[in-house]
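With PDB, C-alpha atoms and all ligand atoms inside, this is data_1.pdb:
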```pdb
ATOM      1  CA  MET A   1       0.000   0.000   0.000
ATOM      2  CA  ALA A   2       1.720   3.154  -1.187
ATOM      3  CA  GLU A   3      -0.131   5.958   0.570
ATOM      4  CA  GLY A   4      -0.154   4.735   4.169
ATOM      5  CA  TYR A   5      -2.273   2.699   6.507
ATOM      6  CA  PHE A   6      -4.089   5.317   8.565
ATOM      7  CA  SER A   7      -7.626   6.087   7.556
ATOM      8  CA  SER A   8     -10.401   7.769   9.498
ATOM      9  CA  ASP A   9     -13.168   6.324   7.323
ATOM     10  CA  GLU A  10     -14.949   2.967   7.372
ATOM     11  CA  THR A  11     -11.919   1.221   5.808
ATOM     12  CA  ARG A  12      -9.846   1.760   8.945
ATOM     13  CA  ALA A  13     -10.164  -1.714  10.498
ATOM     14  CA  GLU A  14      -9.492  -3.379   7.161
ATOM     15  CA  ARG A  15      -6.305  -1.353   6.664
ATOM     16  CA  VAL A  16      -5.090  -1.986  10.211
ATOM     17  CA  GLN A  17      -5.634  -5.706   9.744
ATOM     18  CA  GLU A  18      -3.743  -5.585   6.451
ATOM     19  CA  LEU A  19      -0.888  -3.752   8.180
ATOM     20  CA  PHE A  20      -0.479  -6.306  10.975
ATOM     21  CA  ASP A  21      -0.867  -9.269   8.636
ATOM     22  CA  ALA A  22       2.005  -7.813   6.607
ATOM     23  CA  ILE A  23       4.445  -7.034   9.436
ATOM     24  CA  ALA A  24       3.712 -10.032  11.713
ATOM     25  CA  PRO A  25       6.917 -12.015  10.982
ATOM     26  CA  ARG A  26       9.115  -9.005  11.876
ATOM     27  CA  TYR A  27       6.855  -7.454  14.532
ATOM     28  CA  ASP A  28       8.765  -8.692  17.608
ATOM     29  CA  LEU A  29      12.173  -7.775  16.194
ATOM     30  CA  ILE A  30      11.136  -4.219  15.312
ATOM     31  CA  ASN A  31       9.462  -3.772  18.710
ATOM     32  CA  ASP A  32      12.762  -4.605  20.380
ATOM     33  CA  LEU A  33      14.762  -2.264  18.161
ATOM     34  CA  GLN A  34      12.474   0.752  18.143
ATOM     35  CA  SER A  35      11.943   0.657  21.923
ATOM     36  CA  PHE A  36      15.551  -0.301  22.751
ATOM     37  CA  TRP A  37      14.066  -3.525  24.254
ATOM     38  CA  LEU A  38      12.116  -1.464  26.796
ATOM     39  CA  HIS A  39       8.666  -2.616  25.663
ATOM     40  CA  ARG A  40       9.301  -5.884  27.496
ATOM     41  CA  HIS A  41       9.782  -3.972  30.731
ATOM     42  CA  TRP A  42       6.650  -1.857  30.120
ATOM     43  CA  LYS A  43       4.550  -4.971  29.488
ATOM     44  CA  ARG A  44       5.828  -6.518  32.740
ATOM     45  CA  ARG A  45       4.876  -3.265  34.495
ATOM     46  CA  LEU A  46       1.380  -3.480  32.991
ATOM     47  CA  VAL A  47       0.966  -6.987  34.361
ATOM     48  CA  SER A  48       2.368  -6.111  37.780
ATOM     49  CA  LEU A  49      -0.105  -3.193  38.050
ATOM     50  CA  ALA A  50      -2.882  -5.733  37.489
ATOM     51  CA  GLN A  51      -1.744  -7.434  40.743
ATOM     52  CA  PRO A  52      -2.492 -10.871  39.311
ATOM     53  CA  THR A  53      -3.034 -13.893  41.537
ATOM     54  CA  THR A  54      -2.927 -17.567  40.625
ATOM     55  CA  GLY A  55      -6.153 -18.980  39.275
ATOM     56  CA  GLN A  56      -7.588 -15.692  38.019
ATOM     57  CA  ARG A  57      -8.980 -15.406  34.511
ATOM     58  CA  ALA A  58      -7.461 -12.794  32.209
ATOM     59  CA  LEU A  59      -8.198 -11.544  28.722
ATOM     60  CA  ASP A  60      -5.605  -9.770  26.586
ATOM     61  CA  LEU A  61      -7.291  -7.900  23.744
ATOM     62  CA  CYS A  62      -5.311  -7.067  20.581
ATOM     63  CA  CYS A  63      -2.848  -9.654  21.876
ATOM     64  CA  GLY A  64      -0.649  -9.667  18.766
ATOM     65  CA  THR A  65       2.196 -12.141  19.143
ATOM     66  CA  GLY A  66       1.285 -12.799  22.769
ATOM     67  CA  ASP A  67       3.790 -10.960  25.008
ATOM     68  CA  VAL A  68       1.254  -9.793  27.604
ATOM     69  CA  ALA A  69      -0.705 -13.059  27.513
ATOM     70  CA  PHE A  70       2.471 -15.035  28.273
ATOM     71  CA  GLU A  71       3.439 -12.663  31.075
ATOM     72  CA  LEU A  72      -0.028 -13.048  32.656
ATOM     73  CA  ALA A  73       0.221 -16.846  32.355
ATOM     74  CA  ALA A  74       3.618 -16.762  34.075
ATOM     75  CA  HIS A  75       1.743 -15.460  37.144
ATOM     76  CA  GLY A  76      -0.517 -18.529  37.110
ATOM     77  CA  LEU A  77      -3.538 -17.049  35.324
ATOM     78  CA  GLU A  78      -5.798 -18.700  32.754
ATOM     79  CA  VAL A  79      -5.371 -16.395  29.777
ATOM     80  CA  THR A  80      -7.271 -15.794  26.568
ATOM     81  CA  GLY A  81      -5.572 -13.698  23.882
ATOM     82  CA  LEU A  82      -7.755 -12.212  21.176
ATOM     83  CA  ASP A  83      -6.725 -10.511  17.943
ATOM     84  CA  PHE A  84      -8.176 -10.049  14.461
ATOM     85  CA  SER A  85      -4.915 -10.620  12.546
ATOM     86  CA  GLN A  86      -4.492 -14.258  11.580
ATOM     87  CA  SER A  87      -0.752 -13.742  10.950
ATOM     88  CA  MET A  88      -0.148 -12.201  14.382
ATOM     89  CA  LEU A  89      -2.076 -15.076  15.986
ATOM     90  CA  GLU A  90       0.004 -17.621  14.083
ATOM     91  CA  CYS A  91       3.179 -16.037  15.510
ATOM     92  CA  ALA A  92       1.592 -16.121  18.987
ATOM     93  CA  SER A  93       0.669 -19.797  18.625
ATOM     94  CA  GLU A  94       4.176 -20.699  17.445
ATOM     95  CA  ARG A  95       5.595 -19.070  20.582
ATOM     96  CA  ASN A  96       3.027 -20.643  22.900
ATOM     97  CA  SER A  97       4.318 -23.341  25.211
ATOM     98  CA  ALA A  98       2.129 -22.370  28.176
ATOM     99  CA  PRO A  99      -0.787 -24.692  28.862
ATOM    100  CA  ARG A 100      -2.827 -21.885  30.393
ATOM    101  CA  VAL A 101      -2.902 -19.634  27.316
ATOM    102  CA  SER A 102      -5.284 -19.903  24.396
ATOM    103  CA  PHE A 103      -5.582 -17.597  21.428
ATOM    104  CA  GLN A 104      -8.610 -16.807  19.366
ATOM    105  CA  ARG A 105      -9.521 -14.629  16.454
ATOM    106  CA  GLY A 106     -12.007 -11.840  17.016
ATOM    107  CA  ASP A 107     -12.780  -8.147  16.977
ATOM    108  CA  ALA A 108     -11.867  -6.241  20.146
ATOM    109  CA  LEU A 109     -14.884  -3.993  19.591
ATOM    110  CA  ASN A 110     -17.280  -6.925  19.534
ATOM    111  CA  THR A 111     -15.641  -9.961  21.101
ATOM    112  CA  LYS A 112     -18.837 -11.989  21.575
ATOM    113  CA  LEU A 113     -17.331 -13.221  24.888
ATOM    114  CA  SER A 114     -19.421 -13.425  28.072
ATOM    115  CA  GLU A 115     -19.835 -10.287  30.148
ATOM    116  CA  ASN A 116     -18.483 -10.010  33.717
ATOM    117  CA  HIS A 117     -16.199 -12.959  33.034
ATOM    118  CA  PHE A 118     -12.584 -11.833  33.531
ATOM    119  CA  ASP A 119     -10.700 -10.700  36.635
ATOM    120  CA  ILE A 120      -8.245  -8.774  34.459
ATOM    121  CA  VAL A 121      -8.667  -7.322  30.961
ATOM    122  CA  THR A 122      -5.592  -5.824  29.280
ATOM    123  CA  MET A 123      -4.896  -4.093  25.994
ATOM    124  CA  ALA A 124      -1.306  -3.208  25.004
ATOM    125  CA  TYR A 125      -0.778  -0.974  21.984
ATOM    126  CA  GLY A 126      -4.238  -1.906  20.731
ATOM    127  CA  LEU A 127      -6.693   0.817  21.693
ATOM    128  CA  ARG A 128      -5.051   3.440  19.445
ATOM    129  CA  ASN A 129      -5.706   1.144  16.488
ATOM    130  CA  LEU A 130      -9.439   0.736  16.958
ATOM    131  CA  SER A 131     -11.862   2.683  14.798
ATOM    132  CA  ASN A 132     -13.631   3.711  18.006
ATOM    133  CA  PHE A 133     -11.415   3.758  21.110
ATOM    134  CA  GLU A 134     -14.373   4.473  23.423
ATOM    135  CA  GLY A 135     -16.086   1.346  22.104
ATOM    136  CA  GLY A 136     -12.914  -0.583  22.978
ATOM    137  CA  VAL A 137     -12.936   0.710  26.555
ATOM    138  CA  GLN A 138     -16.648  -0.127  26.827
ATOM    139  CA  GLU A 139     -16.023  -3.670  25.601
ATOM    140  CA  MET A 140     -13.217  -4.079  28.175
ATOM    141  CA  HIS A 141     -15.630  -2.890  30.860
ATOM    142  CA  ARG A 142     -18.404  -5.247  29.728
ATOM    143  CA  LEU A 143     -16.050  -8.239  29.925
ATOM    144  CA  THR A 144     -14.512  -7.385  33.311
ATOM    145  CA  LYS A 145     -16.035  -8.818  36.492
ATOM    146  CA  PRO A 146     -17.261  -6.276  39.046
ATOM    147  CA  GLY A 147     -14.162  -5.496  41.130
ATOM    148  CA  GLY A 148     -11.889  -6.616  38.279
ATOM    149  CA  LYS A 149      -9.191  -4.484  36.655
ATOM    150  CA  MET A 150      -8.903  -2.980  33.182
ATOM    151  CA  LEU A 151      -5.455  -1.866  31.996
ATOM    152  CA  VAL A 152      -4.374  -0.097  28.814
ATOM    153  CA  LEU A 153      -0.729   0.346  27.776
ATOM    154  CA  ASP A 154      -0.016   2.561  24.785
ATOM    155  CA  PHE A 155       2.039   5.408  23.390
ATOM    156  CA  GLY A 156       1.279   8.542  25.353
ATOM    157  CA  LYS A 157       1.326  12.256  24.698
ATOM    158  CA  PRO A 158       3.980  14.043  26.756
ATOM    159  CA  THR A 159       2.866  17.384  28.148
ATOM    160  CA  PHE A 160       6.367  18.924  28.351
ATOM    161  CA  GLY A 161       6.687  20.676  24.970
ATOM    162  CA  PRO A 162      10.360  20.077  24.068
ATOM    163  CA  TRP A 163      10.203  16.417  25.062
ATOM    164  CA  ARG A 164       6.958  15.968  23.089
ATOM    165  CA  TRP A 165       8.591  17.563  20.027
ATOM    166  CA  PHE A 166      11.652  15.297  20.274
ATOM    167  CA  TYR A 167       9.565  12.187  20.851
ATOM    168  CA  PHE A 168       7.100  12.878  18.047
ATOM    169  CA  THR A 169      10.031  13.629  15.715
ATOM    170  CA  TYR A 170      11.500  10.220  16.583
ATOM    171  CA  LEU A 171       8.168   8.496  15.889
ATOM    172  CA  LYS A 172       7.499  10.413  12.691
ATOM    173  CA  TRP A 173      10.919  10.317  11.018
ATOM    174  CA  LEU A 174      13.079   7.590  12.563
ATOM    175  CA  VAL A 175      10.672   4.782  13.414
ATOM    176  CA  PRO A 176       9.550   4.405   9.747
ATOM    177  CA  VAL A 177      13.194   3.697   8.892
ATOM    178  CA  PHE A 178      12.903   0.419  10.873
ATOM    179  CA  GLY A 179       9.864  -0.449   8.744
ATOM    180  CA  ARG A 180      11.759   0.307   5.553
ATOM    181  CA  ILE A 181      14.808  -1.740   6.557
ATOM    182  CA  PHE A 182      13.113  -4.776   8.089
ATOM    183  CA  CYS A 183       9.755  -4.985   6.257
ATOM    184  CA  SER A 184      10.381  -2.877   3.131
ATOM    185  CA  ASP A 185       7.378  -0.951   4.381
ATOM    186  CA  ALA A 186       8.034   2.502   5.882
ATOM    187  CA  PRO A 187       4.294   3.466   5.900
ATOM    188  CA  ALA A 188       3.572   0.562   8.276
ATOM    189  CA  TYR A 189       5.716   2.249  10.910
ATOM    190  CA  ALA A 190       4.785   5.828   9.980
ATOM    191  CA  TYR A 191       1.336   4.635  11.085
ATOM    192  CA  ILE A 192       2.385   4.785  14.768
ATOM    193  CA  HIS A 193       2.749   8.557  14.643
ATOM    194  CA  GLU A 194      -0.350   9.012  12.449
ATOM    195  CA  SER A 195      -2.567   6.933  14.701
ATOM    196  CA  LEU A 196      -1.232   8.643  17.840
ATOM    197  CA  GLU A 197      -2.114  12.055  16.414
ATOM    198  CA  HIS A 198      -5.733  10.933  16.084
ATOM    199  CA  TYR A 199      -5.881   9.295  19.526
ATOM    200  CA  PRO A 200      -6.689  11.177  22.755
ATOM    201  CA  ALA A 201      -4.131   9.025  24.616
ATOM    202  CA  GLN A 202      -3.888   8.804  28.396
ATOM    203  CA  ASP A 203      -6.264  11.642  29.299
ATOM    204  CA  GLY A 204      -8.986  10.550  26.869
ATOM    205  CA  VAL A 205      -8.782   6.959  28.083
ATOM    206  CA  ALA A 206      -8.979   8.048  31.746
ATOM    207  CA  LYS A 207     -12.009  10.240  30.991
ATOM    208  CA  THR A 208     -13.764   7.388  29.181
ATOM    209  CA  MET A 209     -13.031   5.012  32.059
ATOM    210  CA  ARG A 210     -14.549   7.526  34.500
ATOM    211  CA  ASP A 211     -17.552   8.203  32.225
ATOM    212  CA  ILE A 212     -18.486   4.533  32.092
ATOM    213  CA  GLY A 213     -18.253   4.194  35.866
ATOM    214  CA  CYS A 214     -14.780   2.802  36.612
ATOM    215  CA  ARG A 215     -13.358   3.438  40.070
ATOM    216  CA  GLU A 216      -9.751   4.107  41.097
ATOM    217  CA  VAL A 217      -8.916   5.435  37.640
ATOM    218  CA  ALA A 218      -5.184   6.122  37.425
ATOM    219  CA  ILE A 219      -2.590   7.062  34.841
ATOM    220  CA  HIS A 220       0.931   5.636  35.226
ATOM    221  CA  ARG A 221       3.452   7.640  33.219
ATOM    222  CA  ILE A 222       6.647   6.186  31.827
ATOM    223  CA  LEU A 223       9.501   8.325  30.422
ATOM    224  CA  GLY A 224       7.624  11.604  30.788
ATOM    225  CA  SER A 225       4.377  10.158  29.344
ATOM    226  CA  ALA A 226       6.047   8.735  26.239
ATOM    227  CA  MET A 227       4.305   5.543  27.326
ATOM    228  CA  THR A 228       1.341   5.402  29.655
ATOM    229  CA  ILE A 229      -0.669   2.776  31.465
ATOM    230  CA  ASN A 230      -4.310   3.544  32.257
ATOM    231  CA  VAL A 231      -5.867   1.529  35.059
ATOM    232  CA  GLY A 232      -9.486   1.341  36.150
ATOM    233  CA  VAL A 233     -11.505  -0.905  38.444
ATOM    234  CA  LYS A 234     -15.019  -1.972  37.430
TER     235      LYS A 234
HETATM  236  C1  LIG B   1       0.616  -2.840  17.926
HETATM  237  S1  LIG B   1      -0.049  -4.452  17.950
HETATM  238  C2  LIG B   1       0.040  -4.859  19.678
HETATM  239  C3  LIG B   1       0.237  -6.333  19.907
HETATM  240  C4  LIG B   1       0.530  -6.725  21.340
HETATM  241  N1  LIG B   1      -0.558  -6.383  22.215
HETATM  242  C5  LIG B   1       1.807  -6.103  21.834
HETATM  243  O1  LIG B   1       1.731  -5.261  22.725
HETATM  244  O2  LIG B   1       2.871  -6.431  21.330
HETATM  245  C6  LIG B   1      -1.776  -4.132  17.738
HETATM  246  C7  LIG B   1      -2.579  -5.395  17.567
HETATM  247  O3  LIG B   1      -3.967  -5.046  17.616
HETATM  248  C8  LIG B   1      -4.658  -5.864  16.703
HETATM  249  N2  LIG B   1      -5.939  -5.204  16.413
HETATM  250  C9  LIG B   1      -6.134  -3.966  15.923
HETATM  251  N3  LIG B   1      -7.448  -3.709  15.823
HETATM  252  C10 LIG B   1      -8.096  -4.803  16.287
HETATM  253  C11 LIG B   1      -9.457  -5.143  16.461
HETATM  254  N4  LIG B   1     -10.444  -4.316  16.116
HETATM  255  N5  LIG B   1      -9.755  -6.349  16.977
HETATM  256  C12 LIG B   1      -8.771  -7.220  17.325
HETATM  257  N6  LIG B   1      -7.469  -6.969  17.170
HETATM  258  C13 LIG B   1      -7.126  -5.770  16.666
HETATM  259  C14 LIG B   1      -3.705  -5.986  15.527
HETATM  260  O4  LIG B   1      -3.999  -7.073  14.711
HETATM  261  C15 LIG B   1      -2.363  -6.114  16.243
HETATM  262  O5  LIG B   1      -2.016  -7.449  16.472
END
```

In structure tokens, write the structure found in this file.
Ligand SMILES: C[S@@+](CC[C@H](N)C(=O)[O-])C[C@H]1O[C@@H](n2cnc3c(N)ncnc32)[C@H](O)[C@@H]1O
Amino acid sequence: MAEGYFSSDETRAERVQELFDAIAPRYDLINDLQSFWLHRHWKRRLVSLAQPTTGQRALDLCCGTGDVAFELAAHGLEVTGLDFSQSMLECASERNSAPRVSFQRGDALNTKLSENHFDIVTMAYGLRNLSNFEGGVQEMHRLTKPGGKMLVLDFGKPTFGPWRWFYFTYLKWLVPVFGRIFCSDAPAYAYIHESLEHYPAQDGVAKTMRDIGCREVAIHRILGSAMTINVGVK
């Protein structure tokens, strides 16, 4: 696709799916390189904020190649990972040696899973990709048990101007170079900056969590809000 993957019209989900199907084999490698391996640490932080305990049931939406699902399972949880990209799910299944993790294909906006079913519902780097982020938060809320936790990890929007400028410059001009080198597809990685520009990030997610009735809504900021983790309790 020559002109880029971001679209604000009804073709958005289709394009996002096409993007992740295309980059799946190199997704983990580029994640390591573009984040200087830090994404692994941020995903562990996400899981530790969930305060998981053995035997709980967790759902990881937009699970991709399974990092967060595997981390949850390492804490003794029964985990379902859901994603709409068949190629990403194939990579997740190839990596899967944990008996407590299962992956399934589905739409994070309409999972068709039972309501009030999960102790923990996570979404890492997924919400920004949905055609309707509020619908994604609502679906997380529907699936979470009363008293259960919802957690969202994603790129954030720093409030300190110079840092925001530097960070957005990195995302806009340097990150696509990884896409060009490793996937022959710079637009696939230019998409991170494009999608972030159209996403209300940490403050919008916190507001939506409050609006739908979550308690103990909190924003955890990493590297001056370059990354953020939103937490809410149903
Ligand atoms: C940036 S990747 C994140 C993968 C993984 N959570 C991680 O942190 O490495 C975004 C994932 O969201 C999935 N995705 C985007 N929109 C989706 C939707 N509507 N339903 C299900 N999965 C979706 C993509 O297929 C992709 O695997």

Close residues, Lys172 of chain A itself excluded, 9 Å, only C-alpha atoms, min 3 positions apart in chain, as an mmCIF file with C-alpha atoms, keeping the file's coordinate frame:
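And here is the file that came out, part29.cif:
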```
data_model
loop_
_atom_site.group_PDB
_atom_site.id
_atom_site.type_symbol
_atom_site.label_atom_id
_atom_site.label_comp_id
_atom_site.auth_asym_id
_atom_site.auth_seq_id
_atom_site.Cartn_x
_atom_site.Cartn_y
_atom_site.Cartn_z
ATOM 1 C CA TYR A 167 9.565 12.187 20.851
ATOM 2 C CA PHE A 168 7.100 12.878 18.047
ATOM 3 C CA THR A 169 10.031 13.629 15.715
ATOM 4 C CA VAL A 175 10.672 4.782 13.414
ATOM 5 C CA PRO A 176 9.550 4.405 9.747
ATOM 6 C CA TYR A 189 5.716 2.249 10.910
ATOM 7 C CA ALA A 190 4.785 5.828 9.980
ATOM 8 C CA TYR A 191 1.336 4.635 11.085
ATOM 9 C CA ILE A 192 2.385 4.785 14.768
ATOM 10 C CA HIS A 193 2.749 8.557 14.643
ATOM 11 C CA GLU A 194 -0.350 9.012 12.449
#
```

Using 8 Å as the limit and counting all atoms listed in the file, can you tabulate each residue of segment 26-71 of chain A that touches segment 86-96 of chain A, with its shortest atom-to-atom distance in Å and the two atoms involved, as CSV?
```
residue,atom,partner,partner_atom,distance
A:Gly64,CA,A:Met88,CA,5.1
A:Thr65,CA,A:Ala92,CA,4.0
A:Gly66,CA,A:Ala92,CA,5.0
A:Phe70,CA,A:Asn96,CA,7.8
```

What residues have any atom no more than 9 Å from ligand LIG 1 (chain B) when counting only C-alpha atoms and all ligand atoms, and can you list them as a PDB file with C-alpha atoms, in the coordinates of the input?
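The resulting file, out-v9.pdb, is reproduced below:
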```pdb
ATOM      1  CA  ALA A  13     -10.164  -1.714  10.498  1.00  0.00           C
ATOM      2  CA  GLU A  14      -9.492  -3.379   7.161  1.00  0.00           C
ATOM      3  CA  VAL A  16      -5.090  -1.986  10.211  1.00  0.00           C
ATOM      4  CA  GLN A  17      -5.634  -5.706   9.744  1.00  0.00           C
ATOM      5  CA  GLU A  18      -3.743  -5.585   6.451  1.00  0.00           C
ATOM      6  CA  LEU A  19      -0.888  -3.752   8.180  1.00  0.00           C
ATOM      7  CA  PHE A  20      -0.479  -6.306  10.975  1.00  0.00           C
ATOM      8  CA  ASP A  21      -0.867  -9.269   8.636  1.00  0.00           C
ATOM      9  CA  ALA A  24       3.712 -10.032  11.713  1.00  0.00           C
ATOM     10  CA  TYR A  27       6.855  -7.454  14.532  1.00  0.00           C
ATOM     11  CA  ASP A  28       8.765  -8.692  17.608  1.00  0.00           C
ATOM     12  CA  ASN A  31       9.462  -3.772  18.710  1.00  0.00           C
ATOM     13  CA  HIS A  39       8.666  -2.616  25.663  1.00  0.00           C
ATOM     14  CA  ARG A  40       9.301  -5.884  27.496  1.00  0.00           C
ATOM     15  CA  LYS A  43       4.550  -4.971  29.488  1.00  0.00           C
ATOM     16  CA  ASP A  60      -5.605  -9.770  26.586  1.00  0.00           C
ATOM     17  CA  LEU A  61      -7.291  -7.900  23.744  1.00  0.00           C
ATOM     18  CA  CYS A  62      -5.311  -7.067  20.581  1.00  0.00           C
ATOM     19  CA  CYS A  63      -2.848  -9.654  21.876  1.00  0.00           C
ATOM     20  CA  GLY A  64      -0.649  -9.667  18.766  1.00  0.00           C
ATOM     21  CA  THR A  65       2.196 -12.141  19.143  1.00  0.00           C
ATOM     22  CA  GLY A  66       1.285 -12.799  22.769  1.00  0.00           C
ATOM     23  CA  ASP A  67       3.790 -10.960  25.008  1.00  0.00           C
ATOM     24  CA  VAL A  68       1.254  -9.793  27.604  1.00  0.00           C
ATOM     25  CA  ALA A  69      -0.705 -13.059  27.513  1.00  0.00           C
ATOM     26  CA  LEU A  82      -7.755 -12.212  21.176  1.00  0.00           C
ATOM     27  CA  ASP A  83      -6.725 -10.511  17.943  1.00  0.00           C
ATOM     28  CA  PHE A  84      -8.176 -10.049  14.461  1.00  0.00           C
ATOM     29  CA  SER A  85      -4.915 -10.620  12.546  1.00  0.00           C
ATOM     30  CA  GLN A  86      -4.492 -14.258  11.580  1.00  0.00           C
ATOM     31  CA  SER A  87      -0.752 -13.742  10.950  1.00  0.00           C
ATOM     32  CA  MET A  88      -0.148 -12.201  14.382  1.00  0.00           C
ATOM     33  CA  LEU A  89      -2.076 -15.076  15.986  1.00  0.00           C
ATOM     34  CA  ARG A 105      -9.521 -14.629  16.454  1.00  0.00           C
ATOM     35  CA  GLY A 106     -12.007 -11.840  17.016  1.00  0.00           C
ATOM     36  CA  ASP A 107     -12.780  -8.147  16.977  1.00  0.00           C
ATOM     37  CA  ALA A 108     -11.867  -6.241  20.146  1.00  0.00           C
ATOM     38  CA  LEU A 109     -14.884  -3.993  19.591  1.00  0.00           C
ATOM     39  CA  ASN A 110     -17.280  -6.925  19.534  1.00  0.00           C
ATOM     40  CA  THR A 111     -15.641  -9.961  21.101  1.00  0.00           C
ATOM     41  CA  THR A 122      -5.592  -5.824  29.280  1.00  0.00           C
ATOM     42  CA  MET A 123      -4.896  -4.093  25.994  1.00  0.00           C
ATOM     43  CA  ALA A 124      -1.306  -3.208  25.004  1.00  0.00           C
ATOM     44  CA  TYR A 125      -0.778  -0.974  21.984  1.00  0.00           C
ATOM     45  CA  GLY A 126      -4.238  -1.906  20.731  1.00  0.00           C
ATOM     46  CA  LEU A 127      -6.693   0.817  21.693  1.00  0.00           C
ATOM     47  CA  ARG A 128      -5.051   3.440  19.445  1.00  0.00           C
ATOM     48  CA  ASN A 129      -5.706   1.144  16.488  1.00  0.00           C
ATOM     49  CA  LEU A 130      -9.439   0.736  16.958  1.00  0.00           C
ATOM     50  CA  SER A 131     -11.862   2.683  14.798  1.00  0.00           C
ATOM     51  CA  ASN A 132     -13.631   3.711  18.006  1.00  0.00           C
ATOM     52  CA  GLY A 136     -12.914  -0.583  22.978  1.00  0.00           C
ATOM     53  CA  LEU A 153      -0.729   0.346  27.776  1.00  0.00           C
ATOM     54  CA  ASP A 154      -0.016   2.561  24.785  1.00  0.00           C
ATOM     55  CA  ILE A 192       2.385   4.785  14.768  1.00  0.00           C
TER      56      ILE A 192
END
```

From A:Leu113, A:Val152, A:Met209, A:Leu196, residue lying nearest Thr228 of chain A [only C-alpha atoms]: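 Comparing A:Leu113, A:Val152, A:Met209, A:Leu196 against Thr228 of chain A, the winner is A:Val152.
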
All residues 9 Å or closer to Val101 of chain A, all atoms listed in the file, same chain fewer than 4 positions away omitted, as a list of chain:residue names: A:Ala69, A:Phe70, A:Leu72, A:Ala73, A:Leu77, A:Glu78, A:Val79, A:Thr80, A:Gly81, A:Asn96, A:Ser97

Atom CA of Leu171 of chain A to atom CA of Pro158 of chain A, straight-line distance in Å: 12.9 Å

Among listed residues A:Val177, A:Ile212, A:Ala50, A:Ala206, nearest Val121 of chain A (using only C-alpha atoms):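 So, comparing all the options, the nearest one is A:Ala50.
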
Rebuild N, CA, C and O atoms on segment 76-87 of chain A, as a PDB file, in the coordinates of the input?
```
ATOM      1  N   GLY A  76       0.430 -17.476  36.725  1.00  0.00           N
ATOM      2  CA  GLY A  76      -0.517 -18.529  37.110  1.00  0.00           C
ATOM      3  C   GLY A  76      -1.954 -18.260  36.705  1.00  0.00           C
ATOM      4  O   GLY A  76      -2.877 -18.885  37.240  1.00  0.00           O
ATOM      5  N   LEU A  77      -2.160 -17.349  35.748  1.00  0.00           N
ATOM      6  CA  LEU A  77      -3.538 -17.049  35.324  1.00  0.00           C
ATOM      7  C   LEU A  77      -3.931 -17.891  34.113  1.00  0.00           C
ATOM      8  O   LEU A  77      -3.067 -18.321  33.337  1.00  0.00           O
ATOM      9  N   GLU A  78      -5.241 -18.107  33.977  1.00  0.00           N
ATOM     10  CA  GLU A  78      -5.798 -18.700  32.754  1.00  0.00           C
ATOM     11  C   GLU A  78      -5.999 -17.540  31.793  1.00  0.00           C
ATOM     12  O   GLU A  78      -6.753 -16.605  32.113  1.00  0.00           O
ATOM     13  N   VAL A  79      -5.367 -17.585  30.639  1.00  0.00           N
ATOM     14  CA  VAL A  79      -5.371 -16.395  29.777  1.00  0.00           C
ATOM     15  C   VAL A  79      -5.946 -16.689  28.400  1.00  0.00           C
ATOM     16  O   VAL A  79      -5.611 -17.698  27.774  1.00  0.00           O
ATOM     17  N   THR A  80      -6.800 -15.771  27.953  1.00  0.00           N
ATOM     18  CA  THR A  80      -7.271 -15.794  26.568  1.00  0.00           C
ATOM     19  C   THR A  80      -6.666 -14.582  25.869  1.00  0.00           C
ATOM     20  O   THR A  80      -6.750 -13.462  26.379  1.00  0.00           O
ATOM     21  N   GLY A  81      -6.059 -14.807  24.709  1.00  0.00           N
ATOM     22  CA  GLY A  81      -5.572 -13.698  23.882  1.00  0.00           C
ATOM     23  C   GLY A  81      -6.441 -13.607  22.649  1.00  0.00           C
ATOM     24  O   GLY A  81      -6.737 -14.631  22.025  1.00  0.00           O
ATOM     25  N   LEU A  82      -6.861 -12.392  22.336  1.00  0.00           N
ATOM     26  CA  LEU A  82      -7.755 -12.212  21.176  1.00  0.00           C
ATOM     27  C   LEU A  82      -7.175 -11.162  20.234  1.00  0.00           C
ATOM     28  O   LEU A  82      -6.692 -10.118  20.666  1.00  0.00           O
ATOM     29  N   ASP A  83      -7.238 -11.446  18.946  1.00  0.00           N
ATOM     30  CA  ASP A  83      -6.725 -10.511  17.943  1.00  0.00           C
ATOM     31  C   ASP A  83      -7.454 -10.791  16.629  1.00  0.00           C
ATOM     32  O   ASP A  83      -7.948 -11.898  16.411  1.00  0.00           O
ATOM     33  N   PHE A  84      -7.508  -9.783  15.743  1.00  0.00           N
ATOM     34  CA  PHE A  84      -8.176 -10.049  14.461  1.00  0.00           C
ATOM     35  C   PHE A  84      -7.201 -10.359  13.325  1.00  0.00           C
ATOM     36  O   PHE A  84      -7.640 -10.660  12.222  1.00  0.00           O
ATOM     37  N   SER A  85      -5.888 -10.306  13.601  1.00  0.00           N
ATOM     38  CA  SER A  85      -4.915 -10.620  12.546  1.00  0.00           C
ATOM     39  C   SER A  85      -4.500 -12.086  12.640  1.00  0.00           C
ATOM     40  O   SER A  85      -3.863 -12.499  13.617  1.00  0.00           O
ATOM     41  N   GLN A  86      -4.839 -12.836  11.608  1.00  0.00           N
ATOM     42  CA  GLN A  86      -4.492 -14.258  11.580  1.00  0.00           C
ATOM     43  C   GLN A  86      -2.972 -14.446  11.648  1.00  0.00           C
ATOM     44  O   GLN A  86      -2.484 -15.326  12.347  1.00  0.00           O
ATOM     45  N   SER A  87      -2.223 -13.580  10.969  1.00  0.00           N
ATOM     46  CA  SER A  87      -0.752 -13.742  10.950  1.00  0.00           C
ATOM     47  C   SER A  87      -0.144 -13.483  12.325  1.00  0.00           C
ATOM     48  O   SER A  87       0.785 -14.187  12.746  1.00  0.00           O
TER      49      SER A  87
END
```
